[in-house]
Amino acid sequence: MASVTYEHVYKRFGDVIAVNDLNIEIADKEFLVFVGPSGCGKTTSLRLLAGLEEISDGRILIGDRVVNDVPPKDRDIAMVFQSYALYPHMSVYDNMAFGLKLRKVPKAEIDKKVKEAAEILGIGQFLDRKPKQLSGGQRQRVAVGRAIVRNPKVFLFDEPLSNLDAKLRVQTRAEISKLHQRLGTTFIYVTHDQVEAMTMASRIAVMKDGILQQIDTPQNLYDHPSNVFVAGFIGSPSMNFFEATVVEQDGKLYVDGGSFKVNIPENKKADYMPQKGKKVVFGIRPEDIYAAQYAAPGINPAPVKADVDVSELMGNEIFLYLLSGNKSFIARVDPRTHARPGETLDLVMNMDNMHLFDPQTEKTLDVI
Amino acid sequence: MSTATRRLRARPRPASPPARKPFRWGRALIYVALILAAAFYLLPVYLLVITGMKSFAEVSLATMWDWPSGIHFDSFVKAWFGSPSEGIRGLNSNFMNSIYLAIPATLGSALLGSLNGYVLAKWKFRGSDILFPLMLFGMFIPYQSILIPLVQTLQRIGLYGSIPGLIFVHIVYGIPITTLIFRNYYAAIPSELLEASKIDGASLFGIYRHILLPISMPGFVVVIIWQFTSVWNDFLFGVIVTSRPNVQPITVALNNMAGSYIVEWNVQMAGSLLAALPTLLVYILLGRYFMRGLLAGSLKG
C-alpha cells in the first residue's frame with residue numbers, strides 16, 4: 001500500500017514526446033484511471049511507473065521512494081497486461097506461483113497464497129490447466145491472480161478488459177471494483193473506454209497527446225470539464241458543441257447560435273458577463289436536451305426548434321439526430337417522444353448544465 | 001496446427017463438390033509426374049544400395065544397373081570394421097568421431113544461437129542493429145577463403161588436428177545461421193510475456209531459462225536438424241583440420257578409403273550408405289517437427 005507521485009515526468013521516443021510534464025499525486029488506496037484516445041501517452045505513463053520504460057526526465061515516487069532507477073521487480077508492483085501475458089508452458093498454479101518462487105517464498109506459503117487468490121477469483125478448479133485450455137475470461141482472472149498473490153503496493157492494469165466480449169466486460173468491471181474494495185490497495189488502470197473509467201475510478205486522469213488534460217472525480221469531470229476535449233471525451237453520446245456569440249438583450253444574457261438563441265440563467269449571468277459580445281463555443285450534453293412536452297421538472301429551460309434527421313429508439317430512450325440550421329447535434333429524449341425524420345420538433349435545453357468554452361484555447365469559461 | 005489446417009480445409013468444401021470430379025485426371029497426372037521425379041532422384045540411392053550388396057567381382061560399369069546376385073552384407077561389414085590385410089581402415093571409429101563431433105557442435109551452436117537470438121530480439125542494445133547484420137555476414141564468407149588463418153589460429157590455441165578443434169570451428173561457423181533462426185523465432189514471441197516475468201522478478205538470464213527456453217523447442221528442432229546435417233556432412237573443415245586418420249570424421253575417412261590404385265566400389269558404396277544413415281534418421285525422427293517449427297510463427301496468431 002502506497003501513494004504514487006509523478007513529478008514533471010517526461011518520456012521522449014526520439015522526437016516524439018509521449019508523456020509531457022506529467023504531474024499527478026495518487027493517494028494510497030486510490031483507484032486512478034488513465035483514459036484517453038490511443039497514442040495519448042496513458043499506457044506509456046503506466047509503463048514508466050512499472051519500470052518497463054525509462055523516464056526521460058522527472059521523478060516517479062512510490063511511497064516516498066524515488067523509483068527512477070529501481071528495476072521493475074523491486075518496485076513492489078504487479079501488472080495485468082492487455083494480452084494477459086500468461087506463461088504458456090506453465091499451469092495456472094505455476095503461473096501464479098512463479099513470482100513467489102523467484103522470490104524464494106517458502107513452498108507452504110506459496111501454496112496458501114495461490115489457493116487464496118484462486119478462491120477469491122473462482123478459478124480453483126483450473127489450477128492444473130494450461131492457459132490455452134482456458135477461456136478469455138478465465139485467463140484474465142489468472143492474470144489478476146498472478147498479481148494478487150504478490151501482495152504488491154500498487155496494482156497496474158493495462159486495458160485488461162479490451163479482449164473480453166461486451167457482456168463479460170461489464171461483469172469483470174464490477175469484479176475489479178469489488179477487488180479494489182477488498183484488497184484496499186492502490187489501483188492504477190489504463191483504458192480508452194470512458195465508461196470503464198467512469199464506473200470504476202475514484203479519480204480519472206484524462207490525457208491527450210502526452211499532456212494531462214484534467215484529473216478529477218468522475219462526477220466533477222462530467223459536470224465541470226476543463227476544456228473542449230475532456231467535455232467531448234467524457235459522456236456518451238458526446239457533448240454537442242455550437243459556435244455562438246454571447247449577447248445582451250433587455251438586461252438578459254443570451255447564447256446566440258445563429259439558428260437559435262437561448263437564455264443564460266440569472267444565476268450564471270454574472271459569471272458569463274465578461275464574455276458579452278465575444279465568440280464562444282457553447283456546449284450542451286445530449287441528456288440536457290429534452291422534447292418540450294417531456295421536459296424534466298425543476299430545470300432552467302430554454303426553448304429551441306430543430307429538424308429531426310434520424311431517430312434511434314434504444315428502448316429506454318431515443319437518440320435524436322437533429323439539425324438546427326445546418327449544424328447537427330444529438331439529443332437523448334424520452335421514449336414517448338413522437339419524432340419522425342423531417343419533422344420540426346420543439347425542444348428545451350437545460351441551461352443549468354450549459355458550458356461555454358473559449359474558441360481559441362478551448363478552455364472552459366465556466367466559473368466553478 | 002492440426003486444428004488450424006483442418007479448419008482451413010473444411011471451409012471451401014461445401015462450395016466445391018461439383019468441381020471435384022473433372023479434377024481427378026489432372027490430379028492423377030500430377031501424382032505420376034511426382035512419382036517419376038521422386039524415382040529419378042532416388043536412383044543414386046538405389047545404386048548405392050545394390051552396389052553395396054554386390055561382391056567386388058560383380059562390380060563393373062557394364063553391369064552397374066543389374067541386381068546383385070543375392071543379398072550380401074559383406075561389403076557393409078568390411079566398410080564398418082575394415083580389413084587390415086588389405087590395408088582398409090574400418091569406418092566404425094570414424095563414425096564415432098563424427099558422433100563426438102556433431103552432437104557437441106550442434107548443441108553448442110544451437111545454445112549460443114538461442115542466447116544470441118534472445119538478446120538480439122528482446123534486449124535491443126546500442127549497436128545491436130549493426131551487430132546482427134555483421135553476424136549474418138559471417139554466413140556469406142566462403143569457407144575456402146578462411147582456411148589458412150583458421151589453421152593458424154587453431155595451431156596457436158593448441159586445438160589443431162583434434163576433434164575439439166573441429167567442434168570449435170563448427171560452432172563458430174554455425175552461430176550466424178542459428179542466431180538468425182532463433183532471432184526470428186523469438187521476435188514472434190510477445191514482449192508482454194517477458195515484461196510480465198520482469199515484473200515477477202526474473203533476471204535477464206532467468207527470463208531465458210524459465211520462460212523462453214521451455215517454449216523454444218520448435219526452434220531448437222529446426223536448428224538441430226540444420227546444424228547436425230551440415231556438421232555431419234562437412235568435408236572441407238574435416239580434411240583441413242584433422243590430418244591423423246584416428247581423429248578424422250567419417251566423411252574424410254570415407255574419402256580416404258578409396259585406395260590409390262583400385263577402388264572397391266562395393267565397399268565404398270556400403271560405407272557411403274553407412275555415413276548417410278544418421279542424417280537420414282534425424283530427418284525421419286524430427287522431420288515433422290522441422291516443418292512444424294518452420295511454420296509455427298505463421299500459424300499461431
# chains A, B, ... in the order shown; residues from 1 in each chain; ligands from 1

call {"tool": "closest_atom_pairs", "arguments": {"of": "chain B", "to": "chain A", "cutoff": "7 Å", "atoms": "only C-alpha atoms", "output": "Markdown table"}}
result
| residue | atom | partner | partner_atom | distance |
| --- | --- | --- | --- | --- |
| B:Glu192 | CA | A:Ala85 | CA | 5.6 |
| B:Leu193 | CA | A:Ala85 | CA | 4.7 |
| B:Glu195 | CA | A:Leu52 | CA | 7.0 |
| B:Ala196 | CA | A:Ala85 | CA | 6.5 |
| B:Lys198 | CA | A:Lys73 | CA | 6.2 |
| B:Ile199 | CA | A:Lys73 | CA | 4.6 |
| B:Asp200 | CA | A:Gly99 | CA | 4.3 |
| B:Gly201 | CA | A:Lys73 | CA | 4.5 |
| B:Ala202 | CA | A:Leu102 | CA | 6.8 |
| B:Ile211 | CA | A:Tyr87 | CA | 6.9 |
| B:Pro214 | CA | A:His89 | CA | 6.9 |
| B:Ile215 | CA | A:His89 | CA | 6.7 |

call {"tool": "atom_distance", "arguments": {"atom1": "CA of Val241 in chain B", "atom2": "CA of Ile163 in chain B"}}
result
8.6 Å

call {"tool": "closest_residue", "arguments": {"among": "B:Asn266, B:Asn92, B:Asn97, B:Thr178", "to": "Trp232 in chain B", "atoms": "only C-alpha atoms"}}
result
B:Asn97

call {"tool": "residues_around", "arguments": {"residues": "Tyr321 in chain A", "least_positions_apart": "5", "cutoff": "9 Å", "atoms": "only C-alpha atoms", "output": "NGL selection string"}}
result
:A and (307-312 or 328-331)

call {"tool": "residues_around", "arguments": {"residues": "Ala110 in chain B", "least_positions_apart": "3", "cutoff": "9 Å", "atoms": "only C-alpha atoms", "output": "PyMOL selection string"}}
result
chain B and resi 105-107+113-115+171+174-175+178-179+182+220+223-224+227

call {"tool": "write_last_selection", "arguments": {"atoms": "N, CA and C atoms", "output": "CSV table (one decimal), in the first residue's frame"}}
result
chain,number,residue,atom,x,y,z
B,105,ALA,N,28.9,-30.1,-31.3
B,105,ALA,CA,28.9,-28.9,-32.2
B,105,ALA,C,27.5,-28.4,-32.4
B,106,THR,N,26.6,-29.3,-32.6
B,106,THR,CA,25.2,-29.0,-32.9
B,106,THR,C,24.6,-28.3,-31.6
B,107,LEU,N,24.7,-29.0,-30.5
B,107,LEU,CA,24.1,-28.4,-29.3
B,107,LEU,C,24.8,-27.1,-28.9
B,113,GLY,N,23.3,-19.8,-30.4
B,113,GLY,CA,22.4,-19.1,-31.3
B,113,GLY,C,21.1,-18.7,-30.6
B,114,SER,N,20.7,-19.5,-29.7
B,114,SER,CA,19.4,-19.2,-29.0
B,114,SER,C,19.7,-18.0,-28.0
B,115,LEU,N,20.8,-18.0,-27.4
B,115,LEU,CA,21.1,-16.9,-26.5
B,115,LEU,C,21.3,-15.6,-27.3
B,171,ILE,N,31.1,-24.8,-34.4
B,171,ILE,CA,30.3,-23.9,-33.5
B,171,ILE,C,30.3,-22.5,-34.0
B,174,GLY,N,28.6,-22.0,-37.2
B,174,GLY,CA,27.2,-22.2,-37.1
B,174,GLY,C,26.4,-21.1,-36.5
B,175,ILE,N,27.2,-20.2,-35.7
B,175,ILE,CA,26.5,-19.1,-35.0
B,175,ILE,C,25.6,-18.2,-35.9
B,178,THR,N,22.3,-20.1,-36.8
B,178,THR,CA,21.4,-20.4,-35.6
B,178,THR,C,20.9,-19.1,-35.0
B,179,THR,N,21.7,-18.1,-35.0
B,179,THR,CA,21.3,-16.8,-34.4
B,179,THR,C,20.1,-16.2,-35.2
B,182,PHE,N,16.9,-18.3,-34.5
B,182,PHE,CA,16.3,-18.0,-33.2
B,182,PHE,C,15.9,-16.6,-33.0
B,220,PHE,N,14.5,-25.1,-31.6
B,220,PHE,CA,15.6,-25.9,-31.4
B,220,PHE,C,15.6,-27.1,-32.4
B,223,VAL,N,16.9,-25.9,-35.7
B,223,VAL,CA,18.3,-25.6,-35.7
B,223,VAL,C,19.1,-26.9,-35.5
B,224,ILE,N,18.6,-27.8,-34.7
B,224,ILE,CA,19.4,-29.0,-34.5
B,224,ILE,C,19.5,-29.8,-35.8
B,227,GLN,N,21.9,-27.9,-38.2
B,227,GLN,CA,23.3,-28.0,-37.8
B,227,GLN,C,23.9,-29.4,-37.8
